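Participant: Structure incoming, see below.
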Amino acid sequence: YGQTEVHLTTRQTIEIPHIHYTKLEEIEADLLKNGTPVGSERDEIVNIVACPGTNRCKFANIDTISLAMKLDEKLFGKEMPIKLRISISGCPYACTSPILNEIGITGRKKPHRTPGLCTGCGHCAEFCRESAIEVKNGAAVVIDGKCFQCGVCIESCPFKLIDVETQGYRITVGGRRGRHPKLGRELVEVETEEEVVEIIEKLSYWIYRRAWSGRLLSDQLDDIQFEKFKEEILSNRKE
């Protein structure tokens with residue numbers, strides 16, 4: 001249909017360049033037959049982007065592939081008034097730039113030091129890139145205001161004295177790339193995949209019913225009261 005090449009895009013899709021317009025319907029039919037539907041060419045929920053996650057990355061805090069597949073099965077290709085991009089990152093290193101997408105999901109781990117047993121070796125402090133750990137009176141102390149909840153210190157402790165206090169998924173909304181990039185705002189942090197799917201489904205429903213076409217979601221969130229929007233999305237959640 002095109003040339004003897006394909007292009008892997010920045011959003012993890014496959015592009016076949018230089019197809020003559022007379023063959024577009026033919027190739028679309030063939031792609032549908034082999035289970036490869038086309039997408040991203042209209043206002044809809046486009047493909048879910050995810051990093052390798054716990055399957056292949058030592059820094060990952062969540063199984064990004066499992067979550068991406070669940071969201072893709074439920075949401076991919078749904079018609080929207082705007083193009084809706086969802087990105088998942090397994091940790092705060094944010095390799096997939098979740099905070100620069102309409103909806104972003106980031107895996108996080110909050111560390112907890114076992115009291116009374118820490119030797120104060122400082123190994124965890126050396127690994128912390130945020131300077132969020134200090135050794136005081138012979139013990140490591142985590143400074144909450146600086147901690148990024150990346151989980152690196154948990155794995156770095158040679159005596160396994162730092163464990164996971166909480167593990168969760170941080171959900172952000174309203175980010176964008178492009179000529180005028182904007183950081184998404186934190187909506188909520190939840191603990192399970194099921195909660196993530198529930199929140200993302202509520203977000204997509206709100207956008208389908210309430211957003212208007214022709215303007216990016218980030219601009220629309222500026223025009224409404226974000227706290228009111230947040231309250232509406234988070235109300236009536238499943239227990």
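Letters for chains follow the order of the structure tokens (A, B, ...), residue numbers begin at 1 for each chain, and ligand numbers begin at 1 in the order shown.
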Residues within 7 Å of range 87-92 of chain A, please, as a list in words. Count only C-alpha atoms; anything in the same chain fewer than 3 positions from it doesn't count.
Facilitator: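 Contacts, in chain order: Ile48, Val49, Ala50, Cys51, Gly53, Phe59, Ala60, Asn61, Ile62, Thr64, Cys95, Thr96, Pro98, Asn101, Ile103, Gly104, Ile105, Thr106, Gly107, Arg108, Phe148 and Cys150 of chain A.
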Participant: What would the file look like if the residues just selected were written as a PDB file, in the first residue's frame with N, CA and C atoms?
Facilitator:
ATOM      1  N   ILE A  48      -3.870   4.174  24.083  1.00  0.00           N
ATOM      2  CA  ILE A  48      -3.322   4.397  25.420  1.00  0.00           C
ATOM      3  C   ILE A  48      -1.811   4.194  25.366  1.00  0.00           C
ATOM      4  N   VAL A  49      -1.056   5.179  25.822  1.00  0.00           N
ATOM      5  CA  VAL A  49       0.406   5.091  25.834  1.00  0.00           C
ATOM      6  C   VAL A  49       0.876   4.636  27.213  1.00  0.00           C
ATOM      7  N   ALA A  50       1.821   3.701  27.255  1.00  0.00           N
ATOM      8  CA  ALA A  50       2.331   3.200  28.535  1.00  0.00           C
ATOM      9  C   ALA A  50       3.809   2.856  28.419  1.00  0.00           C
ATOM     10  N   CYS A  51       4.531   3.040  29.512  1.00  0.00           N
ATOM     11  CA  CYS A  51       5.929   2.607  29.590  1.00  0.00           C
ATOM     12  C   CYS A  51       5.963   1.089  29.838  1.00  0.00           C
ATOM     13  N   GLY A  53       6.661  -0.609  32.425  1.00  0.00           N
ATOM     14  CA  GLY A  53       6.119  -0.992  33.723  1.00  0.00           C
ATOM     15  C   GLY A  53       6.932  -2.066  34.426  1.00  0.00           C
ATOM     16  N   PHE A  59      12.478   0.520  37.887  1.00  0.00           N
ATOM     17  CA  PHE A  59      11.963   1.677  38.610  1.00  0.00           C
ATOM     18  C   PHE A  59      10.439   1.679  38.718  1.00  0.00           C
ATOM     19  N   ALA A  60       9.770   0.847  37.935  1.00  0.00           N
ATOM     20  CA  ALA A  60       8.309   0.885  37.863  1.00  0.00           C
ATOM     21  C   ALA A  60       7.657   0.449  39.172  1.00  0.00           C
ATOM     22  N   ASN A  61       6.579   1.128  39.509  1.00  0.00           N
ATOM     23  CA  ASN A  61       5.817   0.814  40.718  1.00  0.00           C
ATOM     24  C   ASN A  61       4.498   0.115  40.423  1.00  0.00           C
ATOM     25  N   ILE A  62       4.062   0.122  39.165  1.00  0.00           N
ATOM     26  CA  ILE A  62       2.778  -0.478  38.798  1.00  0.00           C
ATOM     27  C   ILE A  62       2.918  -1.266  37.490  1.00  0.00           C
ATOM     28  N   THR A  64       1.922  -1.267  34.252  1.00  0.00           N
ATOM     29  CA  THR A  64       1.333  -0.322  33.304  1.00  0.00           C
ATOM     30  C   THR A  64       0.655  -1.024  32.125  1.00  0.00           C
ATOM     31  N   CYS A  95       8.436   8.741  32.060  1.00  0.00           N
ATOM     32  CA  CYS A  95       9.002   8.593  30.715  1.00  0.00           C
ATOM     33  C   CYS A  95       7.969   8.830  29.613  1.00  0.00           C
ATOM     34  N   THR A  96       6.707   8.586  29.886  1.00  0.00           N
ATOM     35  CA  THR A  96       5.659   8.776  28.883  1.00  0.00           C
ATOM     36  C   THR A  96       4.963  10.126  29.022  1.00  0.00           C
ATOM     37  N   PRO A  98       3.030  11.661  31.391  1.00  0.00           N
ATOM     38  CA  PRO A  98       1.599  11.649  31.703  1.00  0.00           C
ATOM     39  C   PRO A  98       1.038  13.025  32.049  1.00  0.00           C
ATOM     40  N   ASN A 101      -0.511  15.106  29.132  1.00  0.00           N
ATOM     41  CA  ASN A 101      -1.626  14.525  28.389  1.00  0.00           C
ATOM     42  C   ASN A 101      -2.949  14.934  29.031  1.00  0.00           C
ATOM     43  N   ILE A 103      -5.235  13.087  30.090  1.00  0.00           N
ATOM     44  CA  ILE A 103      -5.334  12.265  31.301  1.00  0.00           C
ATOM     45  C   ILE A 103      -4.004  11.552  31.493  1.00  0.00           C
ATOM     46  N   GLY A 104      -3.440  11.682  32.679  1.00  0.00           N
ATOM     47  CA  GLY A 104      -2.178  11.026  32.986  1.00  0.00           C
ATOM     48  C   GLY A 104      -2.286  10.170  34.234  1.00  0.00           C
ATOM     49  N   ILE A 105      -1.579   9.051  34.247  1.00  0.00           N
ATOM     50  CA  ILE A 105      -1.574   8.135  35.391  1.00  0.00           C
ATOM     51  C   ILE A 105      -0.121   7.818  35.731  1.00  0.00           C
ATOM     52  N   THR A 106       0.246   8.002  37.000  1.00  0.00           N
ATOM     53  CA  THR A 106       1.625   7.772  37.437  1.00  0.00           C
ATOM     54  C   THR A 106       1.646   6.856  38.653  1.00  0.00           C
ATOM     55  N   GLY A 107       2.451   5.798  38.607  1.00  0.00           N
ATOM     56  CA  GLY A 107       2.579   4.885  39.739  1.00  0.00           C
ATOM     57  C   GLY A 107       3.520   5.441  40.796  1.00  0.00           C
ATOM     58  N   ARG A 108       3.113   5.361  42.064  1.00  0.00           N
ATOM     59  CA  ARG A 108       3.935   5.915  43.143  1.00  0.00           C
ATOM     60  C   ARG A 108       3.968   4.960  44.346  1.00  0.00           C
ATOM     61  N   PHE A 148       9.303  12.322  46.396  1.00  0.00           N
ATOM     62  CA  PHE A 148       8.595  12.184  45.127  1.00  0.00           C
ATOM     63  C   PHE A 148       7.798  10.886  45.050  1.00  0.00           C
ATOM     64  N   CYS A 150       8.950   7.905  44.549  1.00  0.00           N
ATOM     65  CA  CYS A 150       9.415   7.093  43.420  1.00  0.00           C
ATOM     66  C   CYS A 150       9.698   5.651  43.829  1.00  0.00           C
TER      67      CYS A 150
END
Participant: Which residues of range 60-90 of chain A come within 9 Å of range 197-207 of chain A, and for each one, what is the closest pair of atoms and their distance in Å to one decimal, counting only C-alpha atoms, sorted by chain and residue number, as CSV?
Facilitator:
residue,atom,partner,partner_atom,distance
A:Leu67,CA,A:Val197,CA,8.1
A:Lys70,CA,A:Val197,CA,7.7
A:Leu71,CA,A:Val197,CA,6.6
A:Lys74,CA,A:Glu201,CA,8.4
A:Leu75,CA,A:Glu201,CA,7.8
A:Met80,CA,A:Ile207,CA,7.3
A:Pro81,CA,A:Ile207,CA,7.5
A:Ile82,CA,A:Ile207,CA,8.2
A:Leu84,CA,A:Ser204,CA,8.3
Participant: Which of range 97-152 of chain A counts as strand (DSSP E or B) under DSSP, as a PyMOL selection string please?
Facilitator: chain A and resi 103-113+133-136+139-142
Participant: Let's have the selection written as a PDB file, in the first residue's frame, with N, CA and C atoms.
Facilitator:
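Dumped everything to selection24.pdb:
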ATOM      1  N   ILE A 103      -5.235  13.087  30.090  1.00  0.00           N
ATOM      2  CA  ILE A 103      -5.334  12.265  31.301  1.00  0.00           C
ATOM      3  C   ILE A 103      -4.004  11.552  31.493  1.00  0.00           C
ATOM      4  N   GLY A 104      -3.440  11.682  32.679  1.00  0.00           N
ATOM      5  CA  GLY A 104      -2.178  11.026  32.986  1.00  0.00           C
ATOM      6  C   GLY A 104      -2.286  10.170  34.234  1.00  0.00           C
ATOM      7  N   ILE A 105      -1.579   9.051  34.247  1.00  0.00           N
ATOM      8  CA  ILE A 105      -1.574   8.135  35.391  1.00  0.00           C
ATOM      9  C   ILE A 105      -0.121   7.818  35.731  1.00  0.00           C
ATOM     10  N   THR A 106       0.246   8.002  37.000  1.00  0.00           N
ATOM     11  CA  THR A 106       1.625   7.772  37.437  1.00  0.00           C
ATOM     12  C   THR A 106       1.646   6.856  38.653  1.00  0.00           C
ATOM     13  N   GLY A 107       2.451   5.798  38.607  1.00  0.00           N
ATOM     14  CA  GLY A 107       2.579   4.885  39.739  1.00  0.00           C
ATOM     15  C   GLY A 107       3.520   5.441  40.796  1.00  0.00           C
ATOM     16  N   ARG A 108       3.113   5.361  42.064  1.00  0.00           N
ATOM     17  CA  ARG A 108       3.935   5.915  43.143  1.00  0.00           C
ATOM     18  C   ARG A 108       3.968   4.960  44.346  1.00  0.00           C
ATOM     19  N   LYS A 109       5.064   5.041  45.105  1.00  0.00           N
ATOM     20  CA  LYS A 109       5.209   4.296  46.357  1.00  0.00           C
ATOM     21  C   LYS A 109       5.701   5.245  47.437  1.00  0.00           C
ATOM     22  N   LYS A 110       4.982   5.292  48.544  1.00  0.00           N
ATOM     23  CA  LYS A 110       5.414   6.116  49.672  1.00  0.00           C
ATOM     24  C   LYS A 110       6.211   5.245  50.637  1.00  0.00           C
ATOM     25  N   PRO A 111       7.450   5.637  50.961  1.00  0.00           N
ATOM     26  CA  PRO A 111       8.301   4.790  51.816  1.00  0.00           C
ATOM     27  C   PRO A 111       7.985   4.943  53.301  1.00  0.00           C
ATOM     28  N   HIS A 112       8.272   3.875  54.039  1.00  0.00           N
ATOM     29  CA  HIS A 112       8.113   3.901  55.502  1.00  0.00           C
ATOM     30  C   HIS A 112       9.305   3.177  56.125  1.00  0.00           C
ATOM     31  N   ARG A 113      10.034   3.873  56.982  1.00  0.00           N
ATOM     32  CA  ARG A 113      11.206   3.276  57.630  1.00  0.00           C
ATOM     33  C   ARG A 113      10.782   2.500  58.874  1.00  0.00           C
ATOM     34  N   ILE A 133      15.857  12.460  51.999  1.00  0.00           N
ATOM     35  CA  ILE A 133      16.214  11.609  53.135  1.00  0.00           C
ATOM     36  C   ILE A 133      17.452  12.181  53.812  1.00  0.00           C
ATOM     37  N   GLU A 134      17.371  12.338  55.117  1.00  0.00           N
ATOM     38  CA  GLU A 134      18.510  12.809  55.905  1.00  0.00           C
ATOM     39  C   GLU A 134      18.759  11.835  57.049  1.00  0.00           C
ATOM     40  N   VAL A 135      20.009  11.678  57.415  1.00  0.00           N
ATOM     41  CA  VAL A 135      20.360  10.834  58.554  1.00  0.00           C
ATOM     42  C   VAL A 135      20.483  11.731  59.783  1.00  0.00           C
ATOM     43  N   LYS A 136      19.584  11.501  60.744  1.00  0.00           N
ATOM     44  CA  LYS A 136      19.570  12.294  61.971  1.00  0.00           C
ATOM     45  C   LYS A 136      19.593  11.362  63.179  1.00  0.00           C
ATOM     46  N   ALA A 139      19.696   7.634  62.325  1.00  0.00           N
ATOM     47  CA  ALA A 139      18.598   6.978  61.613  1.00  0.00           C
ATOM     48  C   ALA A 139      18.180   7.826  60.415  1.00  0.00           C
ATOM     49  N   ALA A 140      17.707   7.164  59.375  1.00  0.00           N
ATOM     50  CA  ALA A 140      17.237   7.862  58.177  1.00  0.00           C
ATOM     51  C   ALA A 140      15.860   8.464  58.430  1.00  0.00           C
ATOM     52  N   VAL A 141      15.684   9.707  57.992  1.00  0.00           N
ATOM     53  CA  VAL A 141      14.409  10.409  58.151  1.00  0.00           C
ATOM     54  C   VAL A 141      13.941  10.880  56.775  1.00  0.00           C
ATOM     55  N   VAL A 142      12.700  10.526  56.410  1.00  0.00           N
ATOM     56  CA  VAL A 142      12.129  10.935  55.128  1.00  0.00           C
ATOM     57  C   VAL A 142      11.422  12.275  55.302  1.00  0.00           C
TER      58      VAL A 142
END
Participant: Residues near range 176-193 of chain A, anyone? I mean within 8 Å using only C-alpha atoms, not counting same-chain ones fewer than 6 positions away, as number ranges by chain.
Facilitator: A: 67, 99-104, 166-170, 218, 230
Participant: Output N, CA and C atoms for every residue in the selection just made, as a PDB file, in the first residue's frame.
Facilitator:
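Generated output (out39.pdb):
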ATOM      1  N   LEU A  67      -2.850  -2.304  33.012  1.00  0.00           N
ATOM      2  CA  LEU A  67      -3.794  -1.189  33.113  1.00  0.00           C
ATOM      3  C   LEU A  67      -4.116  -0.620  31.734  1.00  0.00           C
ATOM      4  N   ILE A  99       1.851  13.875  32.642  1.00  0.00           N
ATOM      5  CA  ILE A  99       1.362  15.187  33.064  1.00  0.00           C
ATOM      6  C   ILE A  99       1.191  16.134  31.877  1.00  0.00           C
ATOM      7  N   LEU A 100       1.624  15.713  30.683  1.00  0.00           N
ATOM      8  CA  LEU A 100       1.449  16.509  29.468  1.00  0.00           C
ATOM      9  C   LEU A 100       0.377  15.914  28.560  1.00  0.00           C
ATOM     10  N   ASN A 101      -0.511  15.106  29.132  1.00  0.00           N
ATOM     11  CA  ASN A 101      -1.626  14.525  28.389  1.00  0.00           C
ATOM     12  C   ASN A 101      -2.949  14.934  29.031  1.00  0.00           C
ATOM     13  N   GLU A 102      -4.030  14.802  28.262  1.00  0.00           N
ATOM     14  CA  GLU A 102      -5.346  15.151  28.815  1.00  0.00           C
ATOM     15  C   GLU A 102      -5.615  14.366  30.089  1.00  0.00           C
ATOM     16  N   ILE A 103      -5.235  13.087  30.090  1.00  0.00           N
ATOM     17  CA  ILE A 103      -5.334  12.265  31.301  1.00  0.00           C
ATOM     18  C   ILE A 103      -4.004  11.552  31.493  1.00  0.00           C
ATOM     19  N   GLY A 104      -3.440  11.682  32.679  1.00  0.00           N
ATOM     20  CA  GLY A 104      -2.178  11.026  32.986  1.00  0.00           C
ATOM     21  C   GLY A 104      -2.286  10.170  34.234  1.00  0.00           C
ATOM     22  N   THR A 166       2.288   3.240  51.418  1.00  0.00           N
ATOM     23  CA  THR A 166       1.148   3.238  50.499  1.00  0.00           C
ATOM     24  C   THR A 166       1.666   3.122  49.072  1.00  0.00           C
ATOM     25  N   GLN A 167       0.905   2.455  48.235  1.00  0.00           N
ATOM     26  CA  GLN A 167       1.224   2.343  46.814  1.00  0.00           C
ATOM     27  C   GLN A 167      -0.003   2.749  46.030  1.00  0.00           C
ATOM     28  N   GLY A 168       0.170   3.619  45.042  1.00  0.00           N
ATOM     29  CA  GLY A 168      -1.015   4.094  44.359  1.00  0.00           C
ATOM     30  C   GLY A 168      -0.774   4.621  42.963  1.00  0.00           C
ATOM     31  N   TYR A 169      -1.859   5.157  42.410  1.00  0.00           N
ATOM     32  CA  TYR A 169      -1.882   5.693  41.059  1.00  0.00           C
ATOM     33  C   TYR A 169      -2.310   7.156  41.145  1.00  0.00           C
ATOM     34  N   ARG A 170      -1.428   8.050  40.744  1.00  0.00           N
ATOM     35  CA  ARG A 170      -1.750   9.476  40.724  1.00  0.00           C
ATOM     36  C   ARG A 170      -2.376   9.816  39.374  1.00  0.00           C
ATOM     37  N   SER A 218      -7.417  21.351  28.365  1.00  0.00           N
ATOM     38  CA  SER A 218      -6.692  22.207  29.305  1.00  0.00           C
ATOM     39  C   SER A 218      -7.280  23.609  29.345  1.00  0.00           C
ATOM     40  N   LYS A 230     -13.642  18.646  40.058  1.00  0.00           N
ATOM     41  CA  LYS A 230     -13.030  17.552  40.810  1.00  0.00           C
ATOM     42  C   LYS A 230     -14.055  16.878  41.721  1.00  0.00           C
TER      43      LYS A 230
END
Participant: Could you find all residues in range 1-238 of chain A that DSSP calls alpha helix (DSSP H) from the backbone, and write them as a PyMOL selection string?
Facilitator: chain A and resi 24-33+64-75+123-127+152-156+193-210+217-223+226-234
Participant: For a quick check of understanding, using only C-alpha atoms, which of A:Gly35, A:Pro17, A:Gly138, A:Pro158 has the smallest distance to Cys124 in chain A?
Facilitator: A:Pro158
Participant: Which residues come within 9 Å of Gln3 in chain A, counting only C-alpha atoms, excluding same-chain residues fewer than 6 positions away, as number ranges by chain?
Facilitator: A: 16-19
Participant: Save out the residues we just selected, N, CA and C atoms, as a short mmCIF file (atom, residue, chain, number, x, y, z; two decimals), in the first residue's frame.
Facilitator:
data_model
loop_
_atom_site.label_atom_id
_atom_site.label_comp_id
_atom_site.auth_asym_id
_atom_site.auth_seq_id
_atom_site.Cartn_x
_atom_site.Cartn_y
_atom_site.Cartn_z
N ILE A 16 1.95 3.88 8.33
CA ILE A 16 2.38 3.43 7.00
C ILE A 16 2.35 4.65 6.08
N PRO A 17 3.50 5.17 5.71
CA PRO A 17 3.53 6.42 4.94
C PRO A 17 3.32 6.21 3.44
N HIS A 18 3.00 7.31 2.76
CA HIS A 18 2.95 7.38 1.29
C HIS A 18 1.90 6.46 0.67
N ILE A 19 0.76 6.30 1.33
CA ILE A 19 -0.33 5.52 0.74
C ILE A 19 -1.14 6.44 -0.19
#
Participant: What's around Ile45 in chain A at 8 Å? Count only C-alpha atoms, leave out sequence neighbours fewer than 4 positions away in its own chain, and write the answer as a PyMOL selection string.
Facilitator: chain A and resi 40+75-80+83-86
